[in-house]
Structures are given as structure tokens and as C-alpha cells.
file upload_17.txt (compact mmCIF, C-alpha atoms)
# COMPACT_ATOMS: atom_id res chain seq x y z
CA MET Z 1 97.77 -34.62 25.80
CA GLU Z 2 97.52 -36.90 22.78
CA GLU Z 3 93.92 -38.02 22.14
CA LYS Z 4 94.72 -41.73 22.66
CA ALA Z 5 96.38 -41.13 26.03
CA LEU Z 6 93.63 -38.75 27.11
CA LEU Z 7 90.94 -41.22 26.11
CA GLN Z 8 92.62 -43.98 28.15
CA VAL Z 9 92.38 -41.74 31.21
CA LEU Z 10 88.76 -40.82 30.49
CA LEU Z 11 87.71 -44.43 29.91
CA GLY Z 12 89.51 -45.58 33.05
CA GLU Z 13 87.64 -43.00 35.11
CA PHE Z 14 84.39 -43.89 33.38
CA HIS Z 15 84.75 -47.63 34.05
CA ASP Z 16 85.56 -46.87 37.68
CA LYS Z 17 82.46 -44.70 37.98
CA LEU Z 18 80.29 -47.42 36.47
CA SER Z 19 81.49 -49.86 39.13
CA ARG Z 20 80.39 -47.40 41.83
CA LEU Z 21 76.95 -46.59 40.42
CA LYS Z 22 74.35 -48.10 42.70
CA ASP Z 23 70.69 -47.51 43.44
CA LEU Z 24 70.03 -45.28 40.45
CA VAL Z 25 66.45 -44.02 40.50
CA PRO Z 26 64.87 -45.54 37.36
CA ARG Z 27 63.80 -42.68 35.12
CA GLU Z 28 60.46 -42.58 33.37
CA ALA Z 29 62.18 -41.12 30.31
CA LYS Z 30 63.90 -43.77 28.21
CA PHE Z 31 65.84 -43.86 25.00
CA PRO Z 32 63.56 -45.36 22.34
CA ASP Z 33 64.23 -48.87 21.10
CA ALA Z 34 64.95 -47.70 17.57
CA PRO Z 35 67.77 -49.47 15.71
CA ASN Z 36 69.56 -47.35 13.12
CA LYS Z 37 68.49 -44.10 14.77
CA ILE Z 38 70.71 -41.60 16.59
CA ARG Z 39 69.11 -41.28 20.01
CA VAL Z 40 69.22 -37.81 21.55
CA ALA Z 41 68.36 -36.77 25.13
CA ILE Z 42 67.65 -33.07 25.57
CA GLY Z 43 66.77 -30.98 28.59
CA MET Z 44 68.08 -28.42 31.05
CA ARG Z 45 71.39 -29.02 32.79
CA ARG Z 46 71.29 -31.26 35.88
CA THR Z 47 67.96 -32.89 35.01
CA GLY Z 48 69.61 -36.30 34.72
CA LYS Z 49 70.57 -36.70 31.07
CA SER Z 50 73.94 -38.21 31.98
CA TYR Z 51 72.28 -40.65 34.36
CA LEU Z 52 69.89 -41.64 31.60
CA MET Z 53 73.00 -42.53 29.60
CA TYR Z 54 74.44 -44.46 32.55
CA GLN Z 55 71.13 -46.31 32.87
CA GLN Z 56 71.31 -47.29 29.22
CA ILE Z 57 74.95 -48.35 29.55
CA LEU Z 58 74.18 -50.49 32.61
CA ASN Z 59 71.37 -52.12 30.64
CA LEU Z 60 73.82 -52.93 27.84
CA LEU Z 61 76.30 -54.43 30.32
CA SER Z 62 73.54 -56.53 31.91
CA ASP Z 63 72.69 -57.80 28.41
CA GLY Z 64 76.23 -59.09 28.08
CA ILE Z 65 77.79 -56.26 26.04
CA ASN Z 66 81.51 -55.98 26.83
CA LYS Z 67 82.52 -52.59 28.25
CA THR Z 68 85.27 -52.30 25.63
CA PHE Z 69 82.50 -51.90 23.02
CA ILE Z 70 81.20 -48.79 24.81
CA LEU Z 71 82.59 -45.27 24.45
CA TYR Z 72 81.44 -42.49 26.80
CA ILE Z 73 82.76 -38.90 26.59
CA ASN Z 74 81.48 -35.93 28.59
CA PHE Z 75 82.18 -32.71 26.71
CA GLU Z 76 81.83 -30.66 29.88
CA ASP Z 77 85.27 -32.01 30.91
CA ASP Z 78 87.76 -29.12 30.90
CA ARG Z 79 90.59 -31.49 29.92
CA LEU Z 80 89.03 -31.67 26.45
CA LEU Z 81 89.44 -27.94 25.83
CA PRO Z 82 89.72 -26.43 23.30
CA LEU Z 83 86.84 -28.29 21.69
CA ASN Z 84 86.51 -28.50 17.93
CA PRO Z 85 85.18 -31.00 15.39
CA GLN Z 86 88.67 -32.36 14.72
CA LYS Z 87 89.12 -33.29 18.39
CA LEU Z 88 85.72 -35.00 18.47
CA ALA Z 89 86.65 -37.09 15.43
CA LYS Z 90 90.11 -37.94 16.81
CA LEU Z 91 88.68 -39.07 20.16
CA VAL Z 92 86.29 -41.47 18.45
CA GLU Z 93 89.07 -42.78 16.19
CA ALA Z 94 91.29 -43.19 19.29
CA PHE Z 95 88.63 -45.49 20.73
CA TYR Z 96 88.97 -47.78 17.70
CA THR Z 97 92.77 -47.55 17.92
CA LEU Z 98 92.64 -48.67 21.57
CA TYR Z 99 90.37 -51.58 20.66
CA PRO Z 100 91.15 -52.52 17.01
CA GLU Z 101 88.74 -55.47 17.17
CA ASN Z 102 85.88 -52.95 17.46
CA HIS Z 103 86.19 -52.22 13.75
CA GLU Z 104 84.49 -55.58 13.26
CA LYS Z 105 82.03 -55.27 16.17
CA LYS Z 106 78.84 -53.37 16.95
CA CYS Z 107 79.81 -50.49 19.26
CA TYR Z 108 77.89 -48.03 21.41
CA ILE Z 109 78.99 -44.40 21.41
CA PHE Z 110 77.69 -42.04 24.13
CA LEU Z 111 78.52 -38.33 23.73
CA ASP Z 112 77.38 -36.13 26.62
CA GLU Z 113 76.65 -32.38 26.19
CA ILE Z 114 77.63 -32.60 22.53
CA GLN Z 115 76.48 -29.02 21.82
CA ASN Z 116 79.76 -27.80 23.35
CA VAL Z 117 81.59 -28.97 20.21
CA ASP Z 118 81.36 -26.59 17.26
CA GLU Z 119 80.10 -28.17 14.03
CA TRP Z 120 79.51 -31.47 15.81
CA LEU Z 121 76.68 -32.33 13.42
CA LEU Z 122 79.08 -32.78 10.48
CA VAL Z 123 81.25 -35.20 12.45
CA ILE Z 124 78.33 -37.21 13.82
CA ARG Z 125 76.80 -37.56 10.38
CA ARG Z 126 80.06 -38.90 8.96
CA LEU Z 127 80.61 -41.29 11.87
CA TYR Z 128 77.04 -42.50 11.64
CA ASP Z 129 77.52 -43.28 7.95
CA THR Z 130 80.88 -45.02 8.38
CA LYS Z 131 80.78 -46.83 11.75
CA GLU Z 132 78.83 -49.89 12.85
CA ALA Z 133 77.62 -48.22 16.03
CA ASP Z 134 74.63 -47.00 17.97
CA PHE Z 135 74.92 -43.31 18.83
CA TYR Z 136 73.51 -41.69 21.98
CA LEU Z 137 73.78 -37.92 22.42
CA THR Z 138 72.74 -35.45 25.12
CA GLY Z 139 72.55 -31.69 25.07
CA SER Z 140 71.15 -28.72 26.95
CA SER Z 141 69.48 -26.85 24.14
CA ALA Z 142 66.23 -27.59 22.38
CA LYS Z 143 67.24 -25.38 19.46
CA LEU Z 144 70.67 -26.89 18.85
CA LEU Z 145 69.50 -30.46 19.27
CA SER Z 146 65.85 -31.15 18.54
CA LYS Z 147 65.28 -28.47 15.92
CA GLU Z 148 68.56 -28.36 14.01
CA ILE Z 149 69.23 -32.08 14.27
CA ALA Z 150 65.92 -32.82 12.56
CA THR Z 151 67.11 -31.13 9.38
CA SER Z 152 70.85 -31.83 9.57
CA LEU Z 153 70.45 -35.54 10.21
CA ARG Z 154 67.42 -35.88 7.93
CA GLY Z 155 65.26 -38.24 9.92
CA ARG Z 156 68.16 -40.25 11.34
CA SER Z 157 67.53 -39.20 14.95
CA LEU Z 158 64.90 -39.49 17.68
CA ALA Z 159 64.78 -37.06 20.62
CA THR Z 160 63.83 -37.81 24.23
CA GLU Z 161 63.15 -34.94 26.62
CA VAL Z 162 64.56 -35.33 30.14
CA TRP Z 163 62.84 -33.44 32.93
CA PRO Z 164 63.45 -33.14 36.68
CA TYR Z 165 61.91 -35.93 38.74
CA SER Z 166 58.19 -36.44 38.42
CA PHE Z 167 56.32 -36.90 41.70
CA ASN Z 168 56.52 -40.69 41.37
CA GLU Z 169 60.27 -40.52 40.68
CA PHE Z 170 60.65 -38.17 43.66
CA ILE Z 171 58.92 -40.73 45.90
CA ARG Z 172 61.27 -43.45 44.64
CA SER Z 173 64.30 -41.20 45.18
CA LYS Z 174 63.29 -40.84 48.83
CA GLN Z 175 62.92 -44.66 49.05
CA ILE Z 176 59.38 -44.27 50.35
CA GLU Z 177 56.82 -47.01 49.75
CA ILE Z 178 53.27 -45.85 49.16
CA LYS Z 179 50.36 -48.21 48.52
CA LYS Z 180 47.90 -46.04 46.65
CA GLU Z 181 45.45 -48.89 46.14
CA PHE Z 182 44.37 -48.59 49.76
CA TYR Z 183 44.23 -44.76 49.84
CA ASP Z 184 43.05 -44.64 53.43
CA LYS Z 185 43.48 -41.57 55.66
CA LYS Z 186 47.00 -42.62 56.60
CA THR Z 187 47.99 -42.91 52.93
CA GLN Z 188 46.36 -39.57 52.09
CA ASP Z 189 48.21 -37.79 54.89
CA LYS Z 190 51.51 -39.38 53.88
CA LEU Z 191 51.05 -38.44 50.22
CA ASN Z 192 50.14 -34.87 51.15
CA GLN Z 193 53.26 -34.60 53.29
CA ILE Z 194 55.53 -35.94 50.52
CA PHE Z 195 53.88 -33.77 47.86
CA ASN Z 196 54.43 -30.61 49.90
CA LEU Z 197 58.07 -31.66 50.18
CA TYR Z 198 58.18 -32.14 46.40
CA LEU Z 199 56.56 -28.74 45.92
CA SER Z 200 59.29 -27.18 48.04
CA GLU Z 201 62.37 -29.17 46.99
CA GLY Z 202 61.55 -29.73 43.32
CA GLY Z 203 62.82 -32.59 41.23
CA PHE Z 204 66.42 -31.91 40.28
CA PRO Z 205 68.02 -35.26 41.17
CA GLU Z 206 71.18 -33.93 42.78
CA VAL Z 207 69.52 -31.66 45.35
CA THR Z 208 66.91 -34.03 46.81
CA ALA Z 209 69.40 -35.17 49.46
CA PHE Z 210 70.71 -31.67 50.29
CA SER Z 211 69.88 -29.56 53.32
CA PRO Z 212 67.53 -26.63 52.58
CA ASP Z 213 70.26 -23.96 52.56
CA VAL Z 214 72.62 -25.97 50.34
CA ARG Z 215 69.73 -26.90 48.05
CA GLN Z 216 68.71 -23.25 47.64
CA GLN Z 217 72.27 -22.18 46.87
CA THR Z 218 72.75 -25.04 44.40
CA LEU Z 219 69.53 -24.28 42.54
CA GLN Z 220 70.48 -20.62 42.27
CA GLU Z 221 73.82 -21.72 40.81
CA TYR Z 222 71.95 -23.89 38.28
CA LEU Z 223 70.13 -20.79 37.12
CA ASP Z 224 73.33 -18.77 36.79
CA ILE Z 225 75.08 -21.54 34.83
CA VAL Z 226 72.17 -21.90 32.41
CA ILE Z 227 71.89 -18.15 31.86
CA TYR Z 228 75.61 -17.52 31.39
CA ARG Z 229 76.73 -20.70 29.61
CA ASP Z 230 73.68 -21.85 27.68
CA ILE Z 231 72.30 -18.44 26.81
CA ILE Z 232 74.72 -15.52 27.15
CA GLU Z 233 77.91 -17.26 25.97
CA ARG Z 234 76.26 -19.43 23.34
CA HIS Z 235 74.29 -16.60 21.74
CA ASN Z 236 76.86 -13.85 22.39
CA ILE Z 237 74.33 -11.73 24.31
CA LYS Z 238 75.43 -8.09 24.56
CA THR Z 239 73.12 -7.13 27.44
CA PRO Z 240 73.40 -9.96 30.01
CA ALA Z 241 71.69 -7.97 32.78
CA ILE Z 242 68.53 -7.62 30.70
CA ILE Z 243 68.24 -11.29 29.76
CA LYS Z 244 68.77 -12.36 33.39
CA TYR Z 245 66.14 -9.87 34.52
CA MET Z 246 63.81 -11.26 31.85
CA ALA Z 247 64.36 -14.87 32.96
CA LEU Z 248 63.74 -13.96 36.60
CA SER Z 249 60.61 -11.97 35.67
CA MET Z 250 59.24 -15.01 33.87
CA ILE Z 251 60.01 -17.36 36.76
CA TYR Z 252 58.41 -14.96 39.27
CA ASN Z 253 55.19 -14.98 37.20
CA ILE Z 254 54.55 -18.63 36.38
CA GLY Z 255 50.98 -19.41 35.40
CA LYS Z 256 50.40 -15.78 34.44
CA PRO Z 257 50.40 -14.01 31.06
CA PHE Z 258 53.76 -12.54 30.07
CA SER Z 259 53.72 -9.74 27.52
CA ILE Z 260 56.91 -8.76 25.70
CA ASN Z 261 55.35 -5.36 25.07
CA LYS Z 262 54.75 -4.75 28.80
CA PHE Z 263 58.23 -6.00 29.63
CA TYR Z 264 59.67 -3.64 26.99
CA ASN Z 265 57.83 -0.72 28.59
CA ASP Z 266 59.06 -1.82 32.02
CA LEU Z 267 62.67 -1.76 30.78
CA LYS Z 268 62.11 1.59 29.09
CA SER Z 269 60.82 3.09 32.35
CA GLN Z 270 64.04 1.92 34.04
CA GLY Z 271 66.19 3.61 31.42
CA TYR Z 272 67.18 0.52 29.42
CA SER Z 273 67.38 0.84 25.65
CA VAL Z 274 66.68 -2.42 23.81
CA GLY Z 275 64.58 -3.32 20.77
CA LYS Z 276 61.45 -5.45 20.98
CA ASP Z 277 62.80 -7.87 18.36
CA ILE Z 278 65.80 -8.55 20.59
CA LEU Z 279 63.47 -9.24 23.52
CA TYR Z 280 61.58 -11.80 21.44
CA ASP Z 281 64.93 -13.45 20.64
CA TYR Z 282 65.83 -13.45 24.34
CA ALA Z 283 62.54 -15.14 25.22
CA ASN Z 284 63.26 -17.84 22.64
CA HIS Z 285 66.79 -18.37 24.00
CA ILE Z 286 65.44 -18.79 27.54
CA GLU Z 287 62.93 -21.37 26.33
CA ASP Z 288 65.50 -23.20 24.19
CA ALA Z 289 67.60 -23.65 27.34
CA TYR Z 290 64.60 -25.35 29.03
CA LEU Z 291 64.43 -22.73 31.76
CA THR Z 292 60.91 -21.43 31.10
CA PHE Z 293 58.16 -22.36 28.64
CA SER Z 294 55.44 -20.37 26.93
CA VAL Z 295 51.86 -21.48 26.31
CA GLU Z 296 49.79 -19.79 23.62
CA LEU Z 297 46.07 -19.16 23.57
CA TYR Z 298 44.08 -21.74 21.59
CA ASP Z 299 41.90 -20.06 19.00
CA LYS Z 300 41.05 -20.54 15.35
CA SER Z 301 41.87 -16.86 14.78
CA ILE Z 302 45.62 -16.40 14.32
CA ARG Z 303 45.15 -12.71 15.12
CA LYS Z 304 43.69 -13.54 18.55
CA VAL Z 305 46.50 -16.02 19.23
CA LYS Z 306 49.15 -13.43 18.42
CA THR Z 307 47.51 -10.50 20.21
CA ASN Z 308 46.90 -12.39 23.47
CA PRO Z 309 49.93 -12.85 25.74
CA LYS Z 310 51.48 -16.25 26.37
CA LYS Z 311 51.36 -17.88 29.79
CA ILE Z 312 54.69 -18.86 31.33
CA TYR Z 313 55.78 -21.98 33.22
CA ALA Z 314 59.18 -22.97 34.60
CA ILE Z 315 61.35 -26.08 34.71
CA ASP Z 316 60.98 -26.88 38.42
CA SER Z 317 59.09 -25.81 41.53
CA GLY Z 318 62.22 -26.07 43.70
CA LEU Z 319 64.06 -23.68 41.40
CA ILE Z 320 61.13 -21.26 41.55
CA ARG Z 321 61.05 -21.30 45.34
CA SER Z 322 64.82 -20.89 45.60
CA LEU Z 323 64.50 -17.50 43.90
CA THR Z 324 61.49 -15.93 45.59
CA LEU Z 325 59.34 -16.20 48.69
CA ASP Z 326 56.28 -14.96 46.81
CA TYR Z 327 54.93 -18.50 46.51
CA GLU Z 328 54.72 -19.20 50.25
CA ASN Z 329 50.97 -18.56 50.13
CA ASP Z 330 50.39 -19.33 46.46
CA PHE Z 331 50.86 -23.06 46.15
CA GLY Z 332 48.13 -23.09 43.50
CA ARG Z 333 50.46 -21.69 40.85
CA LEU Z 334 53.23 -24.12 41.82
CA PHE Z 335 50.72 -26.98 41.54
CA GLU Z 336 49.63 -25.71 38.12
CA ASN Z 337 53.29 -25.63 37.08
CA ILE Z 338 53.71 -29.27 38.16
CA ILE Z 339 50.66 -30.28 36.11
CA TYR Z 340 52.13 -28.46 33.10
CA LEU Z 341 55.40 -30.40 33.46
CA ASP Z 342 53.51 -33.69 33.80
CA LEU Z 343 51.67 -32.95 30.55
CA ARG Z 344 54.97 -32.17 28.82
CA ARG Z 345 56.43 -35.47 30.10
CA ARG Z 346 53.54 -37.22 28.40
CA GLY Z 347 54.28 -35.51 25.11
CA CYS Z 348 51.15 -33.34 25.03
CA LYS Z 349 50.78 -30.21 22.96
CA ILE Z 350 49.54 -27.53 25.37
CA ASN Z 351 47.53 -24.31 24.99
CA TYR Z 352 45.29 -22.31 27.29
CA PHE Z 353 41.71 -21.37 26.42
CA LEU Z 354 39.43 -18.38 26.87
CA THR Z 355 35.67 -18.81 26.57
CA LYS Z 356 33.47 -16.27 24.79
CA ASP Z 357 32.96 -14.56 28.14
CA ARG Z 358 36.74 -14.70 28.72
CA TYR Z 359 36.65 -17.34 31.42
CA GLU Z 360 40.05 -18.99 31.45
CA ILE Z 361 40.74 -22.72 31.30
CA ASP Z 362 44.30 -23.55 32.33
CA PHE Z 363 45.11 -26.11 29.65
CA LEU Z 364 43.68 -27.36 26.40
CA ILE Z 365 45.87 -30.32 25.54
CA GLN Z 366 46.34 -32.57 22.56
CA THR Z 367 47.76 -35.98 23.42
CA PRO Z 368 50.29 -37.80 21.20
CA LYS Z 369 47.30 -39.80 19.90
CA GLY Z 370 45.60 -36.59 18.76
CA GLU Z 371 42.89 -36.51 21.43
CA LYS Z 372 41.94 -33.11 22.86
CA LYS Z 373 41.00 -32.43 26.47
CA PHE Z 374 40.55 -29.52 28.88
CA ILE Z 375 42.48 -29.58 32.17
CA GLN Z 376 41.42 -27.14 34.91
CA VAL Z 377 43.74 -27.09 37.94
CA VAL Z 378 42.37 -26.50 41.46
CA TRP Z 379 44.71 -26.51 44.46
CA ASN Z 380 42.14 -26.16 47.23
CA GLN Z 381 38.80 -27.89 46.64
CA GLU Z 382 37.55 -26.68 50.01
CA ASP Z 383 37.46 -23.11 48.64
CA LYS Z 384 33.94 -23.41 47.23
CA GLN Z 385 33.99 -20.01 45.54
CA THR Z 386 37.20 -20.80 43.62
CA LEU Z 387 35.97 -24.29 42.75
CA ALA Z 388 32.68 -22.90 41.40
CA ARG Z 389 34.56 -20.33 39.28
CA GLU Z 390 36.87 -22.97 37.78
CA GLU Z 391 33.96 -25.35 37.16
CA ARG Z 392 32.00 -22.57 35.43
CA ALA Z 393 34.89 -21.88 33.05
CA LEU Z 394 35.38 -25.58 32.32
CA GLN Z 395 31.71 -26.20 31.56
CA ALA Z 396 31.57 -23.12 29.33
CA GLY Z 397 34.58 -24.37 27.36
CA ILE Z 398 33.09 -27.85 27.01
CA LYS Z 399 29.79 -26.39 25.77
CA GLU Z 400 31.49 -24.10 23.23
CA THR Z 401 33.92 -26.65 21.77
CA LYS Z 402 32.37 -30.09 22.53
CA ILE Z 403 35.76 -31.05 23.98
CA ASN Z 404 35.64 -33.01 27.23
CA GLY Z 405 37.61 -31.98 30.28
CA GLU Z 406 38.34 -32.58 33.94
CA ILE Z 407 39.25 -30.69 37.08
CA VAL Z 408 42.55 -31.83 38.56
CA SER Z 409 42.60 -31.17 42.28
CA LEU Z 410 45.37 -32.06 44.70
CA ASP Z 411 43.27 -34.94 46.01
CA SER Z 412 42.50 -36.36 42.55
CA TYR Z 413 46.13 -35.92 41.49
CA LEU Z 414 47.51 -37.77 44.50
CA ARG Z 415 44.94 -40.51 44.03
CA ASN Z 416 45.05 -41.02 40.25
CA GLY Z 417 47.48 -38.58 38.64
CA ILE Z 418 46.21 -37.03 35.39
CA LEU Z 419 43.75 -39.21 33.52
CA LEU Z 420 44.42 -39.01 29.78
call {"tool": "encode", "arguments": {"input": "upload_17.txt", "output": "C-alpha cells"}}
result
Amino acid sequence: MEEKALLQVLLGEFHDKLSRLKDLVPREAKFPDAPNKIRVAIGMRRTGKSYLMYQQILNLLSDGINKTFILYINFEDDRLLPLNPQKLAKLVEAFYTLYPENHEKKCYIFLDEIQNVDEWLLVIRRLYDTKEADFYLTGSSAKLLSKEIATSLRGRSLATEVWPYSFNEFIRSKQIEIKKEFYDKKTQDKLNQIFNLYLSEGGFPEVTAFSPDVRQQTLQEYLDIVIYRDIIERHNIKTPAIIKYMALSMIYNIGKPFSINKFYNDLKSQGYSVGKDILYDYANHIEDAYLTFSVELYDKSIRKVKTNPKKIYAIDSGLIRSLTLDYENDFGRLFENIIYLDLRRRGCKINYFLTKDRYEIDFLIQTPKGEKKFIQVVWNQEDKQTLAREERALQAGIKETKINGEIVSLDSYLRNGILL
């Protein structure tokens, strides 16, 4: 189909969808108000990047921008295949052909899952230099978008990370009203009930309304799509079984150290033949796809940082629980994972810390303002032995580094969140 005719169909469907969008859950992530910057939303598939675009588009319409000034293309649409830079350029030019007056107007160009187009950076850079338009992009790869775009677009872009629902967004998605300022026993019980639901269901927007069996199946399909489309196909992985096993091993062990060397020996004992360098590449690919995340030890000695294993966290508690029942009696690690994601949402740099006596502190964070703080996560404050152990580690870390810290318990989290 000719690009102009195809674009007319796509725009017609898009305008129809806009008219049907109601009751969107306002996302905490927002595109920055940064004129003359290409705004990029990155994150795992199905976290809500497209809806962040819709939210921005609805804001433009409410500000009086005519819909004919807005172009939206989703590059996951199979009707656009085969994708190449020439097609991307022709689709944008077809938009100006459909609305010739836009050559003289400020336009708004939204390109969803742009990483599916080969050499898209060259086209975007040319369009940015030649069109009077604001550009909004989304993609499902940290490497292809946040890292490469920084050099290829030379400071012309700003990235926004999009995560599954936070706890507050989850509450809003359920249309539940909670008045935390009262925090009486009724409020506490209600918050505990909702949080346990959040711990179980996770925060992927689409699945919050699904039944448990459909939600589990959908989340498992999310994992398969990410592994096969965003990792195996994109990086031409020759041993797909190994990289899937690696991703699952990481997800099964959130909050724990993950050693590439131990994983290599595990594979070797099973008869697999693969080099350690390849396994390091695989780990990077999994993280670039926003499936799991690694946290390094904080230490002034680079040797200690490199010789100690990284701790692993995952994108979503619901996804974790859809893959294993091991967490039925280990909500502490799921809670720690949620705190990690909250810290990432706030833009913190995150490490873990070992005291001189090798007591572990879950997180040593650096806020976007450069302030450092210890965060020690405790699920059950009524377990006095565990609480004493975590407090001992925290106080040892504070004494050794002169960095302040706090214990985040379930009760303090539900009452105040994380105090930064």
C-alpha cells in the first residue's frame, strides 16, 4: 500500500482510538517540558510507554492543538512491514502531503517502538534538523535508545524511563480512595490488603483487571516476547535456550548475588558449551531489555567491586510470581524488589554495601541531587531477631562511612513511602 494511503488508514484508526480513551491512570512518569529536545520514553514492553504518549497527545488537544498537527505511528504494526529508514521518512513526508498547511505550522510527531526501524537515528536527525516539530519517541531497549541516542543525537534528546505502576498508581488504577492522613487501624488494614494484592499482581497496566489465570498467562507471554523479540532476534543470539535459562535464573534469585562464574559452571555441569564473555554479553542484553537489573557493591576499591557478585532485581513482582511459587513464603525479597524499583523511579543511582565485618546493607543510594543514603529493607518488623540484624548492619555502615540511613519497613512504607 502506498505510504499516503496507509497513513490515512493509520491516522483514522488513531483518531478513533483517541475518542475512545477514557479514564487513563495518570502516570507519574512524564515527558519533560523541554522545547527543542527530542523526548524519548524507554522501558520494557507493556509498561505503558504508548499510554504516556496518548497522555501527552490528550494534553496537547486540551491545550487547543488541532489533531491534524499530530502524527502518531506505532512501529509494532505489521502493516508497516518491511520496515526500513526509507519507509519511516516516506511516512513522515506523507503526513505533510496529507496536510500541506503543516509545512508552515508547529507539528508534533510521535513514533512508538522506533527501535524496530533500522538506522532510524539517521532519519530522525535529518527530520529534527529540517522540520518545525516536537519529536516524541518510545522504545524497548536501554542500549538502543538511551545510550546510543546520547551520542548520535549529540545532546538533542532527553530520556524518560517508564516503569510498571508504582503502588500509588496501582491504587489509582483500582479506583480506590485511601486517606493516609488519618492512618487509623481501618486505613492500615486496607493498605495492607491492597499492597499484598500489588505484591501478587504487579504493576503492568494491562493485567491489573485480569483474572489470576489470565494474568499469569499474559505475564509469561510478556517474558517470552521480550526474550525472543528484544533479545534473541535483535542480537542474533545463537543459543536461545541458554539466554532464556539465564533470564529465568536471575528472576528466580532477585535480591541475591548472581555470579556469572557460578552460572558458567552450572551450564558446564549440564553439558552446555559457552564462553564466559558471551554470558556477560547475555547479561547485558537482558538488562538492556529492562527485564532484570544488576546492582554492584559500593567500594572505593575497584578490585573489590569487580570481584564481588552483583545483586539482581527484576522489572515487576507480578512477573516474578507468574514464573515461580518460590516466593509464596518469601515476601521480603519481593518487597525489597519493589523498593529497588521505587528508587529507580526517583532517578537514584543504586549500589549495595558490605561493612568491614561483611554485614550487608541492601541499598546505598545517590539521589539526583547527589545526596547519599543507606536504605535497609525489613518486611516483618515483628521478627525481632531479623530487625536487630538489619539494624546492626545499618548502624555499622553509618559509623564507617558517616552516611545517614533508614530502615524501610512495610508499615513505614505504607505510611510515608521512602523518605529521600
call {"tool": "residues_near_point", "arguments": {"input": "upload_17.txt", "point": "(65.2, -37.3, 20.3)", "cutoff": "8 Å", "atoms": "all atoms listed in the file", "output": "PyMOL selection string"}}
result
chain Z and resi 38-42+146+157-161
call {"tool": "closest_residue", "arguments": {"input": "upload_17.txt", "among": "Z:Tyr54, Z:Glu119, Z:Glu296, Z:Ser249", "to": "Thr324 in chain Z", "atoms": "only C-alpha atoms"}}
result
Z:Ser249
call {"tool": "closest_atom_pairs", "arguments": {"input": "upload_17.txt", "of": "range 35-151 of chain Z", "to": "range 210-227 of chain Z", "cutoff": "9 Å", "atoms": "all atoms listed in the file", "output": "tab-separated table"}}
result
residue	atom	partner	partner_atom	distance
Z:Met44	CA	Z:Val226	CA	7.8
Z:Arg45	CA	Z:Val226	CA	7.2
Z:Arg46	CA	Z:Tyr222	CA	7.8
Z:Ser140	CA	Z:Val226	CA	8.8
call {"tool": "write_last_selection", "arguments": {"input": "upload_17.txt", "atoms": "C-alpha atoms", "output": "PDB file, in the coordinates of the input"}}
result
ATOM      1  CA  MET Z  44      68.080 -28.420  31.050  1.00  0.00           C
ATOM      2  CA  ARG Z  45      71.390 -29.020  32.790  1.00  0.00           C
ATOM      3  CA  ARG Z  46      71.290 -31.260  35.880  1.00  0.00           C
ATOM      4  CA  SER Z 140      71.150 -28.720  26.950  1.00  0.00           C
TER       5      SER Z 140
END
call {"tool": "atom_distance", "arguments": {"input": "upload_17.txt", "atom1": "CA of Gln376 in chain Z", "atom2": "CA of Asn253 in chain Z"}}
result
18.5 Å
call {"tool": "closest_residue", "arguments": {"input": "upload_17.txt", "among": "Z:Gln188, Z:Gln366, Z:Asn59, Z:Thr239", "to": "Asn404 in chain Z", "atoms": "all atoms listed in the file"}}
result
Z:Gln366
call {"tool": "residues_near_point", "arguments": {"input": "upload_17.txt", "point": "(61.2, -44.5, 38.3)", "cutoff": "10 Å", "atoms": "only C-alpha atoms", "output": "mmCIF file with C-alpha atoms, keeping the file's coordinate frame"}}
result
data_model
loop_
_atom_site.group_PDB
_atom_site.id
_atom_site.type_symbol
_atom_site.label_atom_id
_atom_site.label_comp_id
_atom_site.auth_asym_id
_atom_site.auth_seq_id
_atom_site.Cartn_x
_atom_site.Cartn_y
_atom_site.Cartn_z
ATOM 1 C CA LEU Z 24 70.030 -45.280 40.450
ATOM 2 C CA VAL Z 25 66.450 -44.020 40.500
ATOM 3 C CA PRO Z 26 64.870 -45.540 37.360
ATOM 4 C CA ARG Z 27 63.800 -42.680 35.120
ATOM 5 C CA GLU Z 28 60.460 -42.580 33.370
ATOM 6 C CA ALA Z 29 62.180 -41.120 30.310
ATOM 7 C CA TYR Z 165 61.910 -35.930 38.740
ATOM 8 C CA SER Z 166 58.190 -36.440 38.420
ATOM 9 C CA PHE Z 167 56.320 -36.900 41.700
ATOM 10 C CA ASN Z 168 56.520 -40.690 41.370
ATOM 11 C CA GLU Z 169 60.270 -40.520 40.680
ATOM 12 C CA PHE Z 170 60.650 -38.170 43.660
ATOM 13 C CA ILE Z 171 58.920 -40.730 45.900
ATOM 14 C CA ARG Z 172 61.270 -43.450 44.640
ATOM 15 C CA SER Z 173 64.300 -41.200 45.180
#
call {"tool": "atom_distance", "arguments": {"input": "upload_17.txt", "atom1": "CA of Ile242 in chain Z", "atom2": "CA of Asp330 in chain Z"}}
result
26.7 Å
